[in-house]
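Colleague: First, the structure itself, so that you have it in front of you.
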Amino acid sequence: NAGVTQTPKFQVLKTGQSMTLQCAQDMNHEYMSWYRQDPGMGLRLIHYSVGAGITDQGEVPNGYNVSRSTTEDFPLRLLSAAPSQTSVYFCAAGPRRDTQYFGPGTRLTVL
Amino acid sequence: AQSVTQPDIHITVSEGASLELRCNYSYGATPYLFWYVQSPGQGLQLLLKYFSGDTLVQGIKGFEAEFKRSQSSFNLRKPSVHWSDAAEYFCAVGAKNQGGKLIFGQGTELSVKP
């Protein structure tokens, strides 16, 4: 039981490139979320999902897309990376909408 | 607006001393409250949570927190700090109908002196 896994651990992009951050969970949890962590700002919610086929925007959704075709996977897509998206990204999953367990994070740098 | 404030950006305590990390929230409904800990380069680990009932909640690693509705606070405490407790601590608030939308405080970095 690996819990929540994220790949890659580190990524460097050039401005305008696209990429997908992967998130998978093996706990069969309904709820999954993506957060970004920036110094002095805590974690901010980007997008979340309450089940397969259902997603919604969080606090800072601009520049990011998500989809939830299966319970296990919740990828985060950056269509055209910008330096402002340099951050550490955390995926979380939980059995209820109120309890979230976090993955190890992906550190993204956009040049 | 919903918000969480952790007034202390950085706290240093001596090993063996007691610890209290402050958390204040602003929330329209009855909040669900959480404390997470993040070690350097790691993800967040859930320490404890409050949903309802007893306002003093026990968590892992010897931590406890007390929900005080009148003060809109959910302070984290530990009677005796260990060097391994050095980490960053995040308070978060959510609600039953908010679909996993946690609002986090800015974090408090804890250093432990030998």
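Residue numbering restarts at 1 for every chain of the structure tokens, chains are lettered A, B, ... in their displayed order, and ligands are numbered from 1 as they appear.
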Up to 8 Å from chain B, what residues of chain A turn up? Count only C-alpha atoms and give them as a list in words.

Modeller: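 Going by the stated atoms only, the list reads Tyr31, Met32, Ser33, Gly40, Met41, Gly42, Leu43, Arg44, Leu45, Tyr48, Ser49, Val50, Gly58, Phe90, Arg96, Arg97, Asp98, Thr99, Gln100, Tyr101, Phe102, Gly103, Pro104 and Gly105 of chain A.
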
Colleague: Near range 65-82 of chain A, within 10 Å and counting only C-alpha atoms, which residues show up once chain neighbours fewer than 3 positions away are dropped, as a PyMOL selection string?

Modeller: chain A and resi 4-7+13-34+46-57+61-62+85-86+89+91-93+109-111

Colleague: Could you go through chain B and tell me which residues DSSP, when run on the backbone, assigns to strand (DSSP E or B), listing them as a PyMOL selection string?

Modeller: chain B and resi 3-5+10-14+19-21+24-26+32-38+44-50+56-58+64-68+73-78+87-94+103-104+108-113

Colleague: Mind checking DSSP for chain B and telling me the helix (DSSP H, G or I) residues as a list in words?

Modeller: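 Put together, the selection reads Ile60, Lys61, Gly62, Arg69, Ser70, Gln71, Trp83, Ser84 and Asp85 of chain B.
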
Colleague: Which residue is closest to Gln11 in chain A? Choose from A:Asp38, A:Gly63, A:Arg107, A:Val88 and count only C-alpha atoms.

Modeller: A:Arg107

Colleague: Quick one: everything within 6 Å of Phe63 in chain B, counting only C-alpha atoms, minus sequence neighbours fewer than 2 positions away in the same chain. Send it as a PyMOL selection string.

Modeller: chain B and resi 59-61+77-78

Colleague: Would you work out the distance separating CA of Asn24 in chain B from CA of Phe74 in chain B, expressed in Å to one decimal?

Modeller: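 Result for CA of Asn24 in chain B versus CA of Phe74 in chain B: 6.4 Å, one decimal.
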
Colleague: Near Phe67 in chain B, within 8 Å and counting only C-alpha atoms, which residues show up once chain neighbours fewer than 4 positions away are dropped, as a PyMOL selection string?

Modeller: chain B and resi 50+55-56+72-75

Colleague: If you measure from CA of Val37 in chain B to CA of Thr106 in chain A, what distance in Å do you get, rounded to one decimal?

Modeller: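 Separation between CA of Val37 in chain B and CA of Thr106 in chain A: 17.4 Å.
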
Colleague: Expressed in Å to a single decimal, how great is the separation between CA of Ala17 in chain B and CA of Lys68 in chain B?

Modeller: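 Result for CA of Ala17 in chain B versus CA of Lys68 in chain B: 23.5 Å, one decimal.
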